[in-house]
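Right, one structure below, let's go through it.
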Amino acid sequence: MAVRGEPGIEDGHGRGSSGAPNGPGRVAAGTPEEPSRVPVVSMILMAIFLVGGSIGLLADWPAGPANLDWGVWIVLYGGYAYVISAAIFHARTGR
Amino acid sequence: MSTTVLYTVILVLYFSALMGLGFWFNRRNRSRQEYFLARGDLGPATLGFSYSATQMSGSSYMGAVGTERELGYNFAPAGVSSAAAAWFTYILLGERLRRVASRIRCTTIVDVFEARYQGKAVGMTATGLMLVAFIPLIAAQLKAAGNLFEVLLGMPYLLGLVVFGGIVILYTVIGGMHAVAWTDLIQGLIMIVGFAVLAPVAVNAAGGFSEMHLRYGEINPDGISFLGGMPALWVVSSFLVWGFFQIGGAPAAITRFLIPKDRGTLRRALVFSIGFSSFIFIGSTLIAISSGVLLPDLQQTDLALPTLVQLLLHPLFGGILVAAVLGATMSTIDSVLLLASSLVVENLYVPLSKREVSQERGVRLARWTTLGIGALALTVAVDPPATILFIVTMSFSLLASAFTFPLLLGLWWPRATRAGGLVAMIGGAAFCVLWYVLGYLEHGTFDNWIAGLWPALIGPLVSLALLVGVSLVTAPPPREVHEVFFAE
């Protein structure tokens, strides 16, 4: 049985379908794929989020608008904007 | 029409629709792979919502609002971090898992471990750890739903449990991953509608955004900023744990990465996931803070959300929100149930029986297994023993400790070896349990840990050290591993 859109997975040409039981780990016939690039920019953005966020949580922030300190605005609400923007960036560029 | 009757009507309509979806997708499941994975059949929205709806359980939904109401902004960083979990997992795991799934025949995440670490011992260990965590988790989710039925509809606990559990188990048995993913999408959309209605109403009732925070700060001065009530390390740990460590802590969600047929689908799904979870977590922060102002004397913090619903919303919207919370519970149960079932069939039964299983028999076997595990969890949920609740408390930490780095380094570091992977899984999980026990000895509770350091942070770090150390002193993996996992 071939899986739609995935030639080579269970199409009878891979080592996995040569009479072997239905277990995992058998290599299918090679499917040409464009090389995937390592998402370096996203990884840097992740490191900034983790390290910057951790430091931001420990910092002593001055009072900000709406009876909240600036830390809540920057690390929390800014953090949401940051991860959404970073996700859109990755979706568009793959970097 | 009374509130209870209106809630009941909405829930009956909702559950009927879910069952209908189960039957609709029944005919699509012609093989075990289609039943468990719906491979290549899901678009970005379905995939993205399904990932996040699985990640956010109903009890953690109510629990998060309750905890945040009590701890205020001390706990809020866990929200932004949970939203970011999709970002970490999609980018660090998603594309690589999708590529591996296109190269080998794999139906479960354990198949990936077996292929990467070349051994049944790794697969059996991973399967065992997951099943130990999953069955109590399903039982706990069912129990939370039964309690909600009891509180909101005045329905006896047992009846609520059987009705709710019966429906979620049945549509999962019948429809497999197709039904699970599509119901996750619907449940996600209902969650958005529910929170979009409740959050502004609640903030407005609490005096508006600025006034609400002023009043909350007067009631709970420690909770108006990140630090105050809880130890600093606790706050930072929660921020790190709920985001990055979901790499290993949420295997039911990351199973979604085995599904997409191309990387474009995966990338677009990330945007749906992160948009959905950010909306929900921002909403839950606002609802939690407003409930602190509006319900200052509420004793059972987990009931903050349903109590607020009853207090503020027209029963029609209240019913929709109740459906949303139940939907969140369902979307976790169905995914975990399906994964548990796939582990039993694919990673225990088929390899141990050493027999060829026809597609027709395979689907039948998968359905019976799903039904069996569901019935087992339902039975446990009738009167869960204390040990079950302890396992649920630590299930996320256990999974994160065992799987985060064996999975991450397995996909990114060619030098990671079979011995390294196995020792890292066992060592990480064991140290996590030890950390809970040490915390219990010091504080007398499993919810407080030495120096405030979360077991889900310390366990994975031990696992990382073991993985790197053991891999460097053992022979490198064979060439075929490199071809499947690292060749372009």
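Residues are referred to by chain and number: the chain letter is A, B, ... according to the order shown in the structure tokens, the number counts from 1 in that chain, and ligands are numbered separately from 1 in the order shown.
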Exercise for the section: Return the neighbours of chain A among the residues of chain B, cut-off 8 Å, counting only C-alpha atoms, as a PyMOL selection string. Expected result: chain B and resi 39-40+73+76-77+80+83-84+87-88+91+102-107+111-112+114-115+209-211+213-214+224-227+232+235-236+239-240+261+264+267-268+270-271+274-275+278+346-347+350-351+354-357+484+488
Go ahead and write the residues just picked, C-alpha atoms, as a short mmCIF file (atom, residue, chain, number, x, y, z; two decimals), in the first residue's frame.
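Printed below is out22.cif as written:
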```cif
data_model
loop_
_atom_site.label_atom_id
_atom_site.label_comp_id
_atom_site.auth_asym_id
_atom_site.auth_seq_id
_atom_site.Cartn_x
_atom_site.Cartn_y
_atom_site.Cartn_z
CA ARG B 39 -0.15 10.43 7.05
CA GLY B 40 -0.06 13.32 4.60
CA TYR B 73 2.53 37.12 37.42
CA ALA B 76 2.60 33.97 33.98
CA PRO B 77 6.06 33.32 32.41
CA VAL B 80 4.53 32.65 27.31
CA ALA B 83 3.18 29.24 23.78
CA ALA B 84 6.83 29.22 22.68
CA TRP B 87 8.28 27.31 18.22
CA PHE B 88 11.02 25.18 19.85
CA ILE B 91 11.96 24.07 14.47
CA SER B 102 9.64 9.99 4.98
CA ARG B 103 12.71 7.71 4.93
CA ILE B 104 11.70 4.91 7.27
CA ARG B 105 8.42 3.27 8.06
CA CYS B 106 7.45 4.75 11.40
CA THR B 107 4.12 5.17 13.07
CA ASP B 111 9.89 3.91 16.11
CA VAL B 112 12.15 6.92 15.65
CA GLU B 114 14.43 2.48 17.73
CA ALA B 115 15.73 3.49 14.34
CA PHE B 209 -7.21 46.47 32.49
CA SER B 210 -5.45 49.12 34.59
CA GLU B 211 -7.91 49.18 37.51
CA HIS B 213 -4.20 45.25 38.14
CA LEU B 214 -4.37 47.96 40.80
CA ILE B 224 1.70 41.68 40.59
CA SER B 225 5.24 41.13 39.28
CA PHE B 226 7.43 38.12 38.45
CA LEU B 227 9.20 37.88 41.79
CA ALA B 232 13.40 33.22 41.89
CA VAL B 235 10.00 31.27 38.42
CA VAL B 236 12.95 30.88 36.04
CA PHE B 239 9.81 29.59 32.28
CA LEU B 240 12.43 27.18 30.93
CA LYS B 261 3.98 15.36 3.56
CA GLY B 264 5.64 23.93 3.77
CA ARG B 267 5.94 25.62 8.63
CA ARG B 268 2.44 26.98 8.11
CA LEU B 270 3.68 26.36 13.24
CA VAL B 271 2.01 29.72 12.71
CA ILE B 274 1.71 29.54 18.01
CA GLY B 275 -1.14 31.94 17.22
CA SER B 278 -0.57 32.57 22.46
CA GLU B 346 3.34 -1.09 16.97
CA ASN B 347 6.03 -1.32 19.61
CA VAL B 350 3.69 -6.58 16.41
CA PRO B 351 7.40 -6.99 17.26
CA LYS B 354 6.78 -11.73 15.07
CA ARG B 355 3.87 -12.27 12.68
CA GLU B 356 2.81 -10.43 9.58
CA VAL B 357 -0.31 -8.42 10.38
CA VAL B 484 18.55 7.92 7.54
CA GLU B 488 20.90 15.37 2.90
#
```
Practice task
Find the residues around Val203 in chain B up to 9 Å (only C-alpha atoms counted), leave out those fewer than 5 positions away in its own chain, and share them as a list in words.
Solution key: Leu198, Gly208, Phe209, Met212, Leu286, Ile287, Ile289, Ser290 and Ser291 of chain B
Handout entry: For CA of Val344 in chain B and CA of Gly123 in chain B, the interatomic separation in Å (one decimal)
Key =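 Distance reported for this atom pair: 11.5 Å.
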Problem - Selection: 9 Å around Pro156 in chain B, only C-alpha atoms, excl. self and same-chain fewer than 4 positions, as number ranges by chain - result: B: 146-147, 149-150, 160-161
Exercise for the section: Please measure the separation of CA of Arg32 in chain B and CA of Pro251 in chain B, giving the value in Å to one decimal. Expected result: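 Result for CA of Arg32 in chain B versus CA of Pro251 in chain B: 18.8 Å, one decimal.
When DSSP is run on the backbone, the residues of range 250-281 of chain B that fall into alpha helix (DSSP H) are Pro251, Ala252, Ala253, Ile254, Arg263, Gly264, Thr265, Leu266, Arg267, Arg268, Ala269, Leu270, Val271, Phe272, Ser273, Ile274, Gly275, Phe276, Ser277, Ser278, Phe279, Ile280 and Phe281 of chain B.
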Could the residues in this selection be saved with N, CA and C atoms as a PDB file, in the first residue's frame?
```
ATOM      1  N   PRO B 251       5.150  13.940  24.026  1.00  0.00           N
ATOM      2  CA  PRO B 251       5.292  13.066  22.850  1.00  0.00           C
ATOM      3  C   PRO B 251       4.025  12.925  22.024  1.00  0.00           C
ATOM      4  N   ALA B 252       2.853  13.058  22.679  1.00  0.00           N
ATOM      5  CA  ALA B 252       1.616  12.950  21.891  1.00  0.00           C
ATOM      6  C   ALA B 252       1.515  14.109  20.911  1.00  0.00           C
ATOM      7  N   ALA B 253       1.961  15.286  21.327  1.00  0.00           N
ATOM      8  CA  ALA B 253       1.905  16.451  20.423  1.00  0.00           C
ATOM      9  C   ALA B 253       2.941  16.325  19.314  1.00  0.00           C
ATOM     10  N   ILE B 254       4.164  15.900  19.663  1.00  0.00           N
ATOM     11  CA  ILE B 254       5.195  15.879  18.619  1.00  0.00           C
ATOM     12  C   ILE B 254       5.026  14.723  17.627  1.00  0.00           C
ATOM     13  N   ARG B 263       7.484  20.181   3.863  1.00  0.00           N
ATOM     14  CA  ARG B 263       7.926  21.102   4.910  1.00  0.00           C
ATOM     15  C   ARG B 263       7.087  22.379   4.936  1.00  0.00           C
ATOM     16  N   GLY B 264       6.486  22.737   3.796  1.00  0.00           N
ATOM     17  CA  GLY B 264       5.638  23.932   3.766  1.00  0.00           C
ATOM     18  C   GLY B 264       4.443  23.773   4.702  1.00  0.00           C
ATOM     19  N   THR B 265       3.844  22.584   4.687  1.00  0.00           N
ATOM     20  CA  THR B 265       2.706  22.313   5.572  1.00  0.00           C
ATOM     21  C   THR B 265       3.136  22.486   7.028  1.00  0.00           C
ATOM     22  N   LEU B 266       4.301  21.954   7.332  1.00  0.00           N
ATOM     23  CA  LEU B 266       4.803  22.008   8.707  1.00  0.00           C
ATOM     24  C   LEU B 266       5.036  23.458   9.138  1.00  0.00           C
ATOM     25  N   ARG B 267       5.640  24.232   8.261  1.00  0.00           N
ATOM     26  CA  ARG B 267       5.940  25.622   8.633  1.00  0.00           C
ATOM     27  C   ARG B 267       4.675  26.448   8.810  1.00  0.00           C
ATOM     28  N   ARG B 268       3.699  26.227   7.944  1.00  0.00           N
ATOM     29  CA  ARG B 268       2.444  26.978   8.105  1.00  0.00           C
ATOM     30  C   ARG B 268       1.705  26.512   9.358  1.00  0.00           C
ATOM     31  N   ALA B 269       1.822  25.224   9.660  1.00  0.00           N
ATOM     32  CA  ALA B 269       1.177  24.706  10.878  1.00  0.00           C
ATOM     33  C   ALA B 269       1.751  25.379  12.117  1.00  0.00           C
ATOM     34  N   LEU B 270       3.049  25.683  12.092  1.00  0.00           N
ATOM     35  CA  LEU B 270       3.681  26.356  13.236  1.00  0.00           C
ATOM     36  C   LEU B 270       2.989  27.682  13.537  1.00  0.00           C
ATOM     37  N   VAL B 271       2.653  28.420  12.494  1.00  0.00           N
ATOM     38  CA  VAL B 271       2.009  29.723  12.707  1.00  0.00           C
ATOM     39  C   VAL B 271       0.626  29.533  13.348  1.00  0.00           C
ATOM     40  N   PHE B 272      -0.114  28.532  12.882  1.00  0.00           N
ATOM     41  CA  PHE B 272      -1.420  28.253  13.510  1.00  0.00           C
ATOM     42  C   PHE B 272      -1.233  27.863  14.980  1.00  0.00           C
ATOM     43  N   SER B 273      -0.256  27.004  15.239  1.00  0.00           N
ATOM     44  CA  SER B 273      -0.038  26.534  16.613  1.00  0.00           C
ATOM     45  C   SER B 273       0.289  27.693  17.538  1.00  0.00           C
ATOM     46  N   ILE B 274       1.228  28.497  17.109  1.00  0.00           N
ATOM     47  CA  ILE B 274       1.709  29.542  18.008  1.00  0.00           C
ATOM     48  C   ILE B 274       0.670  30.655  18.168  1.00  0.00           C
ATOM     49  N   GLY B 275      -0.067  30.944  17.108  1.00  0.00           N
ATOM     50  CA  GLY B 275      -1.136  31.942  17.216  1.00  0.00           C
ATOM     51  C   GLY B 275      -2.223  31.466  18.171  1.00  0.00           C
ATOM     52  N   PHE B 276      -2.611  30.224  18.020  1.00  0.00           N
ATOM     53  CA  PHE B 276      -3.659  29.642  18.867  1.00  0.00           C
ATOM     54  C   PHE B 276      -3.219  29.616  20.323  1.00  0.00           C
ATOM     55  N   SER B 277      -2.032  29.058  20.600  1.00  0.00           N
ATOM     56  CA  SER B 277      -1.652  28.932  22.011  1.00  0.00           C
ATOM     57  C   SER B 277      -1.365  30.291  22.637  1.00  0.00           C
ATOM     58  N   SER B 278      -0.806  31.228  21.887  1.00  0.00           N
ATOM     59  CA  SER B 278      -0.571  32.569  22.461  1.00  0.00           C
ATOM     60  C   SER B 278      -1.891  33.211  22.855  1.00  0.00           C
ATOM     61  N   PHE B 279      -2.872  33.100  21.980  1.00  0.00           N
ATOM     62  CA  PHE B 279      -4.189  33.685  22.274  1.00  0.00           C
ATOM     63  C   PHE B 279      -4.759  33.094  23.564  1.00  0.00           C
ATOM     64  N   ILE B 280      -4.675  31.772  23.688  1.00  0.00           N
ATOM     65  CA  ILE B 280      -5.246  31.105  24.862  1.00  0.00           C
ATOM     66  C   ILE B 280      -4.482  31.471  26.132  1.00  0.00           C
ATOM     67  N   PHE B 281      -3.160  31.517  26.059  1.00  0.00           N
ATOM     68  CA  PHE B 281      -2.402  31.793  27.289  1.00  0.00           C
ATOM     69  C   PHE B 281      -2.520  33.259  27.712  1.00  0.00           C
TER      70      PHE B 281
END
```
Practice task
Compare B:Met130, B:Ala465, B:Val163, B:Leu321 by their minimum atom-to-atom distance to Val193 in chain B, counting only C-alpha atoms, and give me the closest one.
Solution key: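 Closest candidate: B:Leu321.
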